[in-house]
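Read the structure below first, then the notes.
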Amino acid sequence: MSDTALSRAAAADAQENSSLYEAAQMQFRRAADLMGLDGSVRTILEQPKNEIIVNFPVRMDDGRYELFRGYRIQHSNILGPFKGGIRFHPEVNLDEVKALAAWMTFKCALAGIPFGGGKGGITCRPWTMSEEEQMRLTRRFTHALGTNIGPDWDIPAPDVGTNARHMVWMMDTYLNSVNAHDRNRGRAVVTGKTLTCGGSDGREKATGQGVCFALESWAKDRGHKLSELKIAVQGFGNVGSHAALIAAEMGASIVAVQDHTGATANTDGLDVVALFAHWKETGSLPGFAGGDDLEPESFWSTPCDVMIPAAIENQITKERASRLEASVVIEGANGPTTPRAEKMLMKRDIEVIPDILANAGGVIVSFFEWIQNRNCEQWEVEMVDRRLRRLLLRGYQQMKEQARKLGTDNRTAAYVVALARIESAYAERGIFP
Ligand code: GLU
């Protein structure tokens, strides 16, 4: 492409990324129109139930006070307590968190687990902050949220930029400030904790594991053996690294991996365990001896069967979609495909396994962690994986059934399954008063 064509494409991409919530609304409306969703339910789901914004100071290591803005959006609790992650990232904003919260509602409904949808985040650059600063940030935010979270009300979890440590700080702050008397079941206020502090075996890898169960379902559907498949993965954080490691264990070839540090590729398949060790040691993908460094943009045209975007939203733009060489996109991230890219993928007959199914493994195992906390149980990882697989495969089948019945794409079909559950709950319960 010429320079001007490239800059025109970049400008169009910037425009297509303008409102994530609008993109989420478009997906929702497409399914609502197709199924003839009840008008009142549609109106209710158009906006989140609660939008909480808190501004709070944090003492930095050098003694300065810095003001941070945190969000918790509670989209729907018709099927159970609000549920969803907490994101630490400089791009966190109200529009983004609203979209992510709505996706949680549909993800949980599709998985058939008794949760609604929520999401939170703090606009910050966690990688520039010390451990102590992150701890004070997390605790102060949790304190500011107060009783807006709780094991029966709204249950946060890790997301981009947060992990089990942050969840343990949230739990500890909550137990010390709000719910001091239920030290056992109170741990269910957050999921994705460390094993010592009430986490579940299999939770850390759960989103990546779920992506691989989605991959397994798709391969079976299409009559492919996993050992024949070539996979490209974008993002090597919690989701991407586990998805790559597990897919490789299942016999697939990981031919390219890209993240914000660069990309590496090997047409014969990367040794993902060695790549993970290299990444741990150097903090980046390029320079891996078992692969060739790749221009980050060329990553998108890697010849492969399966493309797994597992980083952040809006990564597959129309322009990148026009260069993709895959048969299927399995969305490990939330919202990785822009609406214009989605049209391009449809035109090019590239299938999409949508985020609300493909990355549901995280919240499904969060549900298992929540049950374990409430019952003071500790399940073995085999049981966690078995139950996760069952729910993921069931969701996949229900999505496919609707897609065939309605002659529609996977994403719209997945929304229809989720919306039908929410619609039934409203039909049975009505609204208060
Ligand atoms: N943040 C993850 C997601 O987007 C997990 C949410 C959870 O476990 O509640 O699905």
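Residue names in the structure tokens use chain letters A, B, ... in the order shown, residue numbers from 1 in each chain, and ligand numbers from 1 in the order shown.
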
For ligand 1, return the neighbouring residues as a ChimeraX atom specification (distance at most 7 Å; only C-alpha atoms and all ligand atoms). /A:83-86,104,155-159,191-192,334,359-360,362-364,366

The selected residues should be written to file as a tab-separated table (two decimals), in the first residue's frame (atoms: N, CA, C and O atoms).
```
chain	number	residue	atom	x	y	z
A	83	LYS	N	-21.08	-9.59	37.52
A	83	LYS	CA	-19.83	-10.35	37.50
A	83	LYS	C	-18.94	-9.85	36.38
A	83	LYS	O	-19.40	-9.66	35.26
A	84	GLY	N	-17.67	-9.66	36.69
A	84	GLY	CA	-16.75	-9.28	35.62
A	84	GLY	C	-15.47	-8.68	36.17
A	84	GLY	O	-15.37	-8.32	37.34
A	85	GLY	N	-14.50	-8.57	35.28
A	85	GLY	CA	-13.14	-8.23	35.69
A	85	GLY	C	-12.90	-6.77	36.02
A	85	GLY	O	-13.76	-5.90	35.87
A	86	ILE	N	-11.67	-6.52	36.48
A	86	ILE	CA	-11.16	-5.18	36.77
A	86	ILE	C	-9.92	-4.99	35.91
A	86	ILE	O	-8.98	-5.78	36.00
A	104	MET	N	-20.18	-8.99	29.41
A	104	MET	CA	-20.21	-9.97	30.52
A	104	MET	C	-21.62	-10.49	30.73
A	104	MET	O	-21.82	-11.68	31.00
A	155	ILE	N	-19.21	-9.20	41.83
A	155	ILE	CA	-18.00	-9.99	42.10
A	155	ILE	C	-16.92	-9.73	41.04
A	155	ILE	O	-16.99	-10.28	39.94
A	156	PRO	N	-15.94	-8.88	41.36
A	156	PRO	CA	-14.85	-8.63	40.40
A	156	PRO	C	-13.92	-9.83	40.20
A	156	PRO	O	-13.98	-10.82	40.94
A	157	ALA	N	-13.07	-9.70	39.20
A	157	ALA	CA	-12.10	-10.76	38.84
A	157	ALA	C	-10.96	-10.09	38.08
A	157	ALA	O	-11.04	-8.91	37.76
A	158	PRO	N	-9.91	-10.83	37.75
A	158	PRO	CA	-8.82	-10.21	36.98
A	158	PRO	C	-9.25	-9.93	35.54
A	158	PRO	O	-10.15	-10.57	35.00
A	159	ASP	N	-8.58	-8.97	34.94
A	159	ASP	CA	-8.74	-8.67	33.51
A	159	ASP	C	-7.38	-8.13	33.05
A	159	ASP	O	-6.37	-8.34	33.73
A	191	THR	N	-13.09	-13.24	42.46
A	191	THR	CA	-12.58	-14.53	41.99
A	191	THR	C	-11.26	-14.30	41.28
A	191	THR	O	-10.88	-13.16	41.02
A	192	GLY	N	-10.58	-15.41	41.00
A	192	GLY	CA	-9.26	-15.28	40.36
A	192	GLY	C	-8.17	-15.03	41.38
A	192	GLY	O	-7.14	-14.43	41.07
A	334	ASN	N	-11.73	-9.65	24.47
A	334	ASN	CA	-13.06	-9.09	24.36
A	334	ASN	C	-13.06	-8.02	23.27
A	334	ASN	O	-12.22	-7.12	23.28
A	359	ASN	N	-14.08	-16.76	24.98
A	359	ASN	CA	-13.28	-16.44	26.17
A	359	ASN	C	-14.07	-16.59	27.47
A	359	ASN	O	-13.66	-16.08	28.52
A	360	ALA	N	-15.16	-17.34	27.42
A	360	ALA	CA	-15.99	-17.50	28.61
A	360	ALA	C	-15.36	-18.42	29.66
A	360	ALA	O	-15.85	-18.50	30.80
A	362	GLY	N	-12.83	-18.09	31.49
A	362	GLY	CA	-12.42	-17.36	32.70
A	362	GLY	C	-13.57	-17.20	33.67
A	362	GLY	O	-13.47	-17.57	34.85
A	363	VAL	N	-14.68	-16.70	33.17
A	363	VAL	CA	-15.78	-16.45	34.10
A	363	VAL	C	-16.46	-17.76	34.52
A	363	VAL	O	-17.00	-17.86	35.62
A	364	ILE	N	-16.39	-18.77	33.67
A	364	ILE	CA	-16.98	-20.06	34.07
A	364	ILE	C	-16.21	-20.63	35.27
A	364	ILE	O	-16.80	-21.06	36.26
A	366	SER	N	-14.44	-18.85	37.25
A	366	SER	CA	-14.74	-17.93	38.36
A	366	SER	C	-15.99	-18.39	39.11
A	366	SER	O	-16.07	-18.33	40.34
```

Residues near stretch 371-379 of chain A, cut-off 6 Å, only C-alpha atoms, skip fewer than 3 positions along chain, as a VMD selection string: chain A and resid 185 188 368

Could you save the residues just selected, with N, CA and C atoms, as a CSV table (one decimal), in the first residue's frame?
```csv
chain,number,residue,atom,x,y,z
A,185,ARG,N,-16.9,-17.3,53.7
A,185,ARG,CA,-17.6,-17.2,52.4
A,185,ARG,C,-17.4,-15.8,51.9
A,188,ALA,N,-15.6,-15.0,48.6
A,188,ALA,CA,-16.2,-15.0,47.3
A,188,ALA,C,-16.5,-13.6,46.7
A,368,PHE,N,-17.0,-21.5,39.3
A,368,PHE,CA,-16.6,-22.6,40.1
A,368,PHE,C,-15.8,-22.2,41.4
```

As a PyMOL selection string, list the residues of stretch 70-143 of chain A assigned to strand (DSSP E) by DSSP on the backbone atoms of this structure. chain A and resi 70-76+82-89+117-123

Keeping only N, CA, C and O atoms, write the selected residues as a PDB file, in the first residue's frame.
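Generated file (selection-v3.pdb):
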```pdb
ATOM      1  N   GLY A  70     -11.435   5.551  38.828  1.00  0.00           N
ATOM      2  CA  GLY A  70     -11.812   4.137  38.707  1.00  0.00           C
ATOM      3  C   GLY A  70     -13.283   4.017  38.330  1.00  0.00           C
ATOM      4  O   GLY A  70     -14.092   4.916  38.617  1.00  0.00           O
ATOM      5  N   TYR A  71     -13.603   2.920  37.678  1.00  0.00           N
ATOM      6  CA  TYR A  71     -14.978   2.690  37.212  1.00  0.00           C
ATOM      7  C   TYR A  71     -15.463   1.319  37.675  1.00  0.00           C
ATOM      8  O   TYR A  71     -14.686   0.376  37.750  1.00  0.00           O
ATOM      9  N   ARG A  72     -16.738   1.225  37.942  1.00  0.00           N
ATOM     10  CA  ARG A  72     -17.389  -0.080  38.032  1.00  0.00           C
ATOM     11  C   ARG A  72     -18.757   0.078  37.379  1.00  0.00           C
ATOM     12  O   ARG A  72     -19.582   0.883  37.838  1.00  0.00           O
ATOM     13  N   ILE A  73     -18.933  -0.633  36.308  1.00  0.00           N
ATOM     14  CA  ILE A  73     -20.199  -0.571  35.587  1.00  0.00           C
ATOM     15  C   ILE A  73     -20.948  -1.870  35.846  1.00  0.00           C
ATOM     16  O   ILE A  73     -20.400  -2.957  35.657  1.00  0.00           O
ATOM     17  N   GLN A  74     -22.189  -1.723  36.310  1.00  0.00           N
ATOM     18  CA  GLN A  74     -23.016  -2.895  36.602  1.00  0.00           C
ATOM     19  C   GLN A  74     -24.109  -2.934  35.548  1.00  0.00           C
ATOM     20  O   GLN A  74     -25.045  -2.141  35.591  1.00  0.00           O
ATOM     21  N   HIS A  75     -23.951  -3.817  34.580  1.00  0.00           N
ATOM     22  CA  HIS A  75     -24.846  -3.783  33.420  1.00  0.00           C
ATOM     23  C   HIS A  75     -26.187  -4.449  33.704  1.00  0.00           C
ATOM     24  O   HIS A  75     -27.237  -3.857  33.483  1.00  0.00           O
ATOM     25  N   SER A  76     -26.146  -5.692  34.173  1.00  0.00           N
ATOM     26  CA  SER A  76     -27.418  -6.396  34.427  1.00  0.00           C
ATOM     27  C   SER A  76     -27.223  -7.395  35.554  1.00  0.00           C
ATOM     28  O   SER A  76     -26.167  -8.023  35.656  1.00  0.00           O
ATOM     29  N   PHE A  82     -23.890  -9.172  39.636  1.00  0.00           N
ATOM     30  CA  PHE A  82     -23.025  -8.617  38.595  1.00  0.00           C
ATOM     31  C   PHE A  82     -21.688  -9.355  38.667  1.00  0.00           C
ATOM     32  O   PHE A  82     -21.206  -9.667  39.757  1.00  0.00           O
ATOM     33  N   LYS A  83     -21.084  -9.589  37.518  1.00  0.00           N
ATOM     34  CA  LYS A  83     -19.834 -10.352  37.502  1.00  0.00           C
ATOM     35  C   LYS A  83     -18.942  -9.850  36.383  1.00  0.00           C
ATOM     36  O   LYS A  83     -19.397  -9.662  35.262  1.00  0.00           O
ATOM     37  N   GLY A  84     -17.666  -9.663  36.691  1.00  0.00           N
ATOM     38  CA  GLY A  84     -16.746  -9.277  35.623  1.00  0.00           C
ATOM     39  C   GLY A  84     -15.466  -8.678  36.169  1.00  0.00           C
ATOM     40  O   GLY A  84     -15.372  -8.318  37.341  1.00  0.00           O
ATOM     41  N   GLY A  85     -14.496  -8.573  35.281  1.00  0.00           N
ATOM     42  CA  GLY A  85     -13.137  -8.230  35.693  1.00  0.00           C
ATOM     43  C   GLY A  85     -12.898  -6.771  36.024  1.00  0.00           C
ATOM     44  O   GLY A  85     -13.761  -5.905  35.870  1.00  0.00           O
ATOM     45  N   ILE A  86     -11.669  -6.522  36.482  1.00  0.00           N
ATOM     46  CA  ILE A  86     -11.159  -5.175  36.773  1.00  0.00           C
ATOM     47  C   ILE A  86      -9.917  -4.989  35.912  1.00  0.00           C
ATOM     48  O   ILE A  86      -8.977  -5.783  36.001  1.00  0.00           O
ATOM     49  N   ARG A  87      -9.928  -3.947  35.109  1.00  0.00           N
ATOM     50  CA  ARG A  87      -8.842  -3.712  34.157  1.00  0.00           C
ATOM     51  C   ARG A  87      -7.978  -2.539  34.601  1.00  0.00           C
ATOM     52  O   ARG A  87      -8.513  -1.497  34.978  1.00  0.00           O
ATOM     53  N   PHE A  88      -6.648  -2.704  34.563  1.00  0.00           N
ATOM     54  CA  PHE A  88      -5.732  -1.580  34.798  1.00  0.00           C
ATOM     55  C   PHE A  88      -5.044  -1.287  33.463  1.00  0.00           C
ATOM     56  O   PHE A  88      -4.214  -2.080  32.992  1.00  0.00           O
ATOM     57  N   HIS A  89      -5.353  -0.153  32.867  1.00  0.00           N
ATOM     58  CA  HIS A  89      -4.791   0.154  31.547  1.00  0.00           C
ATOM     59  C   HIS A  89      -4.975   1.641  31.276  1.00  0.00           C
ATOM     60  O   HIS A  89      -5.982   2.223  31.690  1.00  0.00           O
ATOM     61  N   GLY A 117     -23.821  -9.158  34.483  1.00  0.00           N
ATOM     62  CA  GLY A 117     -22.586  -8.633  33.907  1.00  0.00           C
ATOM     63  C   GLY A 117     -22.154  -7.326  34.528  1.00  0.00           C
ATOM     64  O   GLY A 117     -22.972  -6.450  34.822  1.00  0.00           O
ATOM     65  N   GLY A 118     -20.849  -7.209  34.745  1.00  0.00           N
ATOM     66  CA  GLY A 118     -20.265  -5.960  35.239  1.00  0.00           C
ATOM     67  C   GLY A 118     -18.827  -5.870  34.764  1.00  0.00           C
ATOM     68  O   GLY A 118     -18.272  -6.844  34.238  1.00  0.00           O
ATOM     69  N   LYS A 119     -18.240  -4.735  34.897  1.00  0.00           N
ATOM     70  CA  LYS A 119     -16.812  -4.594  34.576  1.00  0.00           C
ATOM     71  C   LYS A 119     -16.309  -3.344  35.267  1.00  0.00           C
ATOM     72  O   LYS A 119     -17.066  -2.397  35.487  1.00  0.00           O
ATOM     73  N   GLY A 120     -15.015  -3.353  35.585  1.00  0.00           N
ATOM     74  CA  GLY A 120     -14.449  -2.169  36.224  1.00  0.00           C
ATOM     75  C   GLY A 120     -13.054  -1.932  35.726  1.00  0.00           C
ATOM     76  O   GLY A 120     -12.497  -2.723  34.956  1.00  0.00           O
ATOM     77  N   GLY A 121     -12.496  -0.836  36.169  1.00  0.00           N
ATOM     78  CA  GLY A 121     -11.123  -0.570  35.764  1.00  0.00           C
ATOM     79  C   GLY A 121     -10.625   0.731  36.338  1.00  0.00           C
ATOM     80  O   GLY A 121     -11.397   1.543  36.859  1.00  0.00           O
ATOM     81  N   ILE A 122      -9.329   0.905  36.238  1.00  0.00           N
ATOM     82  CA  ILE A 122      -8.684   2.149  36.649  1.00  0.00           C
ATOM     83  C   ILE A 122      -7.810   2.603  35.485  1.00  0.00           C
ATOM     84  O   ILE A 122      -7.070   1.789  34.905  1.00  0.00           O
ATOM     85  N   THR A 123      -7.907   3.882  35.144  1.00  0.00           N
ATOM     86  CA  THR A 123      -7.051   4.423  34.096  1.00  0.00           C
ATOM     87  C   THR A 123      -5.660   4.636  34.696  1.00  0.00           C
ATOM     88  O   THR A 123      -5.487   5.511  35.553  1.00  0.00           O
TER      89      THR A 123
END
```

9 Å contact set for A:Thr147, only C-alpha atoms, chain neighbours under 4 positions out, as a PyMOL selection string: chain A and resi 143+153+174+178-179

May I have the selected residues written with C-alpha atoms, as a PDB file, in the first residue's frame?
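Generated file (selection-v1.pdb):
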```pdb
ATOM      1  CA  HIS A 143     -12.379   0.968  49.686  1.00  0.00           C
ATOM      2  CA  TRP A 153     -24.022  -8.447  44.716  1.00  0.00           C
ATOM      3  CA  TYR A 174     -13.144  -5.773  51.466  1.00  0.00           C
ATOM      4  CA  VAL A 178     -16.961  -4.063  54.884  1.00  0.00           C
ATOM      5  CA  ASN A 179     -17.549  -7.695  55.692  1.00  0.00           C
TER       6      ASN A 179
END
```

Using only C-alpha atoms for the distances, tell me which of A:Pro286, A:Gly240, A:Gly210, A:Gly335 is nearest to A:Gly361.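 Of A:Pro286, A:Gly240, A:Gly210, A:Gly335, the one nearest A:Gly361, counting only C-alpha atoms, is A:Gly210.
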
Could you check which of A:Val160, A:Asn266, A:Arg69, A:Val416 is closest to A:Phe28, using only C-alpha atoms? A:Val416

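Atom CA of A:Arg404 lies 27.7 Å from atom CA of A:Ala232.
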
Spatial neighbours of A:Leu20, max dist 10 Å, only C-alpha atoms, sep filter under 3 positions, as an mmCIF file with all heavy atoms, in the first residue's frame:
```cif
data_model
loop_
_atom_site.group_PDB
_atom_site.id
_atom_site.type_symbol
_atom_site.label_atom_id
_atom_site.label_comp_id
_atom_site.auth_asym_id
_atom_site.auth_seq_id
_atom_site.Cartn_x
_atom_site.Cartn_y
_atom_site.Cartn_z
ATOM 1 N N GLU A 16 -13.293 3.636 12.947
ATOM 2 C CA GLU A 16 -14.057 2.425 13.250
ATOM 3 C C GLU A 16 -13.894 2.018 14.700
ATOM 4 O O GLU A 16 -14.670 1.265 15.232
ATOM 5 C CB GLU A 16 -13.716 1.286 12.272
ATOM 6 C CG GLU A 16 -12.401 0.577 12.479
ATOM 7 C CD GLU A 16 -12.156 -0.479 11.395
ATOM 8 O OE1 GLU A 16 -11.631 -0.108 10.342
ATOM 9 O OE2 GLU A 16 -12.491 -1.652 11.598
ATOM 10 N N ASN A 17 -12.878 2.578 15.355
ATOM 11 C CA ASN A 17 -12.657 2.240 16.763
ATOM 12 C C ASN A 17 -13.278 3.260 17.708
ATOM 13 O O ASN A 17 -13.022 3.234 18.891
ATOM 14 C CB ASN A 17 -11.154 2.202 17.069
ATOM 15 C CG ASN A 17 -10.440 1.204 16.196
ATOM 16 O OD1 ASN A 17 -11.087 0.401 15.558
ATOM 17 N ND2 ASN A 17 -9.120 1.262 16.174
ATOM 18 N N ALA A 23 -20.296 -0.248 19.228
ATOM 19 C CA ALA A 23 -20.052 -1.529 18.547
ATOM 20 C C ALA A 23 -20.793 -2.656 19.262
ATOM 21 O O ALA A 23 -21.431 -3.516 18.625
ATOM 22 C CB ALA A 23 -18.556 -1.814 18.495
ATOM 23 N N ALA A 24 -20.747 -2.641 20.587
ATOM 24 C CA ALA A 24 -21.445 -3.676 21.364
ATOM 25 C C ALA A 24 -22.953 -3.560 21.134
ATOM 26 O O ALA A 24 -23.659 -4.564 21.011
ATOM 27 C CB ALA A 24 -21.109 -3.533 22.850
ATOM 28 N N GLN A 25 -23.453 -2.314 21.070
ATOM 29 C CA GLN A 25 -24.881 -2.079 20.837
ATOM 30 C C GLN A 25 -25.317 -2.617 19.485
ATOM 31 O O GLN A 25 -26.410 -3.165 19.347
ATOM 32 C CB GLN A 25 -25.180 -0.568 20.861
ATOM 33 C CG GLN A 25 -25.032 0.067 22.203
ATOM 34 C CD GLN A 25 -26.212 -0.277 23.077
ATOM 35 O OE1 GLN A 25 -26.250 -1.361 23.649
ATOM 36 N NE2 GLN A 25 -27.180 0.596 23.169
ATOM 37 N N MET A 26 -24.445 -2.437 18.483
ATOM 38 C CA MET A 26 -24.793 -2.914 17.147
ATOM 39 C C MET A 26 -24.958 -4.428 17.143
ATOM 40 O O MET A 26 -25.887 -4.967 16.530
ATOM 41 C CB MET A 26 -23.698 -2.509 16.140
ATOM 42 C CG MET A 26 -23.852 -1.077 15.641
ATOM 43 S SD MET A 26 -22.340 -0.460 14.888
ATOM 44 C CE MET A 26 -22.218 -1.544 13.484
ATOM 45 N N LEU A 94 -14.990 5.318 30.320
ATOM 46 C CA LEU A 94 -16.373 4.925 30.588
ATOM 47 C C LEU A 94 -16.975 4.108 29.434
ATOM 48 O O LEU A 94 -17.596 3.071 29.661
ATOM 49 C CB LEU A 94 -17.215 6.190 30.847
ATOM 50 C CG LEU A 94 -18.676 5.944 31.194
ATOM 51 C CD1 LEU A 94 -18.819 5.128 32.471
ATOM 52 C CD2 LEU A 94 -19.413 7.277 31.345
ATOM 53 N N ASP A 95 -16.773 4.578 28.222
ATOM 54 C CA ASP A 95 -17.338 3.902 27.052
ATOM 55 C C ASP A 95 -16.850 2.451 26.966
ATOM 56 O O ASP A 95 -17.631 1.519 26.768
ATOM 57 C CB ASP A 95 -16.920 4.682 25.787
ATOM 58 C CG ASP A 95 -17.399 4.010 24.520
ATOM 59 O OD1 ASP A 95 -18.588 4.161 24.188
ATOM 60 O OD2 ASP A 95 -16.585 3.324 23.859
ATOM 61 N N GLU A 96 -15.553 2.278 27.166
ATOM 62 C CA GLU A 96 -14.976 0.936 27.077
ATOM 63 C C GLU A 96 -15.531 0.031 28.174
ATOM 64 O O GLU A 96 -15.934 -1.113 27.922
ATOM 65 C CB GLU A 96 -13.440 1.023 27.217
ATOM 66 C CG GLU A 96 -12.766 -0.332 27.140
ATOM 67 C CD GLU A 96 -11.322 -0.322 27.640
ATOM 68 O OE1 GLU A 96 -11.094 0.002 28.818
ATOM 69 O OE2 GLU A 96 -10.435 -0.654 26.853
ATOM 70 N N VAL A 97 -15.575 0.525 29.395
ATOM 71 C CA VAL A 97 -16.014 -0.326 30.508
ATOM 72 C C VAL A 97 -17.497 -0.682 30.367
ATOM 73 O O VAL A 97 -17.919 -1.793 30.704
ATOM 74 C CB VAL A 97 -15.704 0.327 31.877
ATOM 75 C CG1 VAL A 97 -15.977 -0.640 33.009
ATOM 76 C CG2 VAL A 97 -14.257 0.765 31.953
ATOM 77 N N LYS A 98 -18.275 0.246 29.804
ATOM 78 C CA LYS A 98 -19.695 -0.053 29.562
ATOM 79 C C LYS A 98 -19.837 -1.207 28.571
ATOM 80 O O LYS A 98 -20.649 -2.114 28.760
ATOM 81 C CB LYS A 98 -20.408 1.188 28.993
ATOM 82 C CG LYS A 98 -20.839 2.178 30.068
ATOM 83 C CD LYS A 98 -21.368 3.470 29.463
ATOM 84 C CE LYS A 98 -22.688 3.300 28.733
ATOM 85 N NZ LYS A 98 -23.188 4.595 28.203
ATOM 86 N N ALA A 99 -19.050 -1.157 27.505
ATOM 87 C CA ALA A 99 -19.115 -2.235 26.503
ATOM 88 C C ALA A 99 -18.697 -3.562 27.140
ATOM 89 O O ALA A 99 -19.376 -4.588 26.981
ATOM 90 C CB ALA A 99 -18.196 -1.910 25.329
ATOM 91 N N LEU A 100 -17.607 -3.528 27.894
ATOM 92 C CA LEU A 100 -17.092 -4.761 28.499
ATOM 93 C C LEU A 100 -18.096 -5.333 29.503
ATOM 94 O O LEU A 100 -18.247 -6.557 29.623
ATOM 95 C CB LEU A 100 -15.735 -4.498 29.159
ATOM 96 C CG LEU A 100 -14.590 -4.164 28.183
ATOM 97 C CD1 LEU A 100 -13.405 -3.538 28.921
ATOM 98 C CD2 LEU A 100 -14.128 -5.411 27.435
ATOM 99 N N GLU A 313 -9.130 -4.969 22.639
ATOM 100 C CA GLU A 313 -10.160 -4.767 21.619
ATOM 101 C C GLU A 313 -9.617 -4.087 20.355
ATOM 102 O O GLU A 313 -8.526 -3.526 20.355
ATOM 103 C CB GLU A 313 -11.324 -3.930 22.191
ATOM 104 C CG GLU A 313 -10.941 -2.594 22.764
ATOM 105 C CD GLU A 313 -10.710 -2.649 24.260
ATOM 106 O OE1 GLU A 313 -10.578 -3.749 24.821
ATOM 107 O OE2 GLU A 313 -10.637 -1.558 24.875
ATOM 108 N N ASN A 314 -10.445 -4.142 19.312
ATOM 109 C CA ASN A 314 -10.187 -3.416 18.053
ATOM 110 C C ASN A 314 -8.865 -3.771 17.375
ATOM 111 O O ASN A 314 -8.268 -2.925 16.720
ATOM 112 C CB ASN A 314 -10.222 -1.895 18.296
ATOM 113 C CG ASN A 314 -11.622 -1.413 18.607
ATOM 114 O OD1 ASN A 314 -12.592 -2.037 18.197
ATOM 115 N ND2 ASN A 314 -11.721 -0.318 19.333
ATOM 116 N N GLY A 335 -13.965 -8.143 22.327
ATOM 117 C CA GLY A 335 -14.115 -7.125 21.277
ATOM 118 C C GLY A 335 -12.917 -6.927 20.377
ATOM 119 O O GLY A 335 -12.641 -5.799 19.973
ATOM 120 N N THR A 338 -13.424 -5.268 14.920
ATOM 121 C CA THR A 338 -14.292 -4.090 14.754
ATOM 122 C C THR A 338 -15.477 -4.468 13.867
ATOM 123 O O THR A 338 -15.401 -5.438 13.098
ATOM 124 C CB THR A 338 -13.540 -2.918 14.088
ATOM 125 O OG1 THR A 338 -13.293 -3.266 12.722
ATOM 126 C CG2 THR A 338 -12.230 -2.591 14.785
ATOM 127 N N PRO A 339 -16.576 -3.705 13.933
ATOM 128 C CA PRO A 339 -17.737 -4.034 13.098
ATOM 129 C C PRO A 339 -17.393 -4.055 11.602
ATOM 130 O O PRO A 339 -17.880 -4.920 10.869
ATOM 131 C CB PRO A 339 -18.739 -2.912 13.414
ATOM 132 C CG PRO A 339 -18.353 -2.417 14.768
ATOM 133 C CD PRO A 339 -16.860 -2.600 14.867
#
```
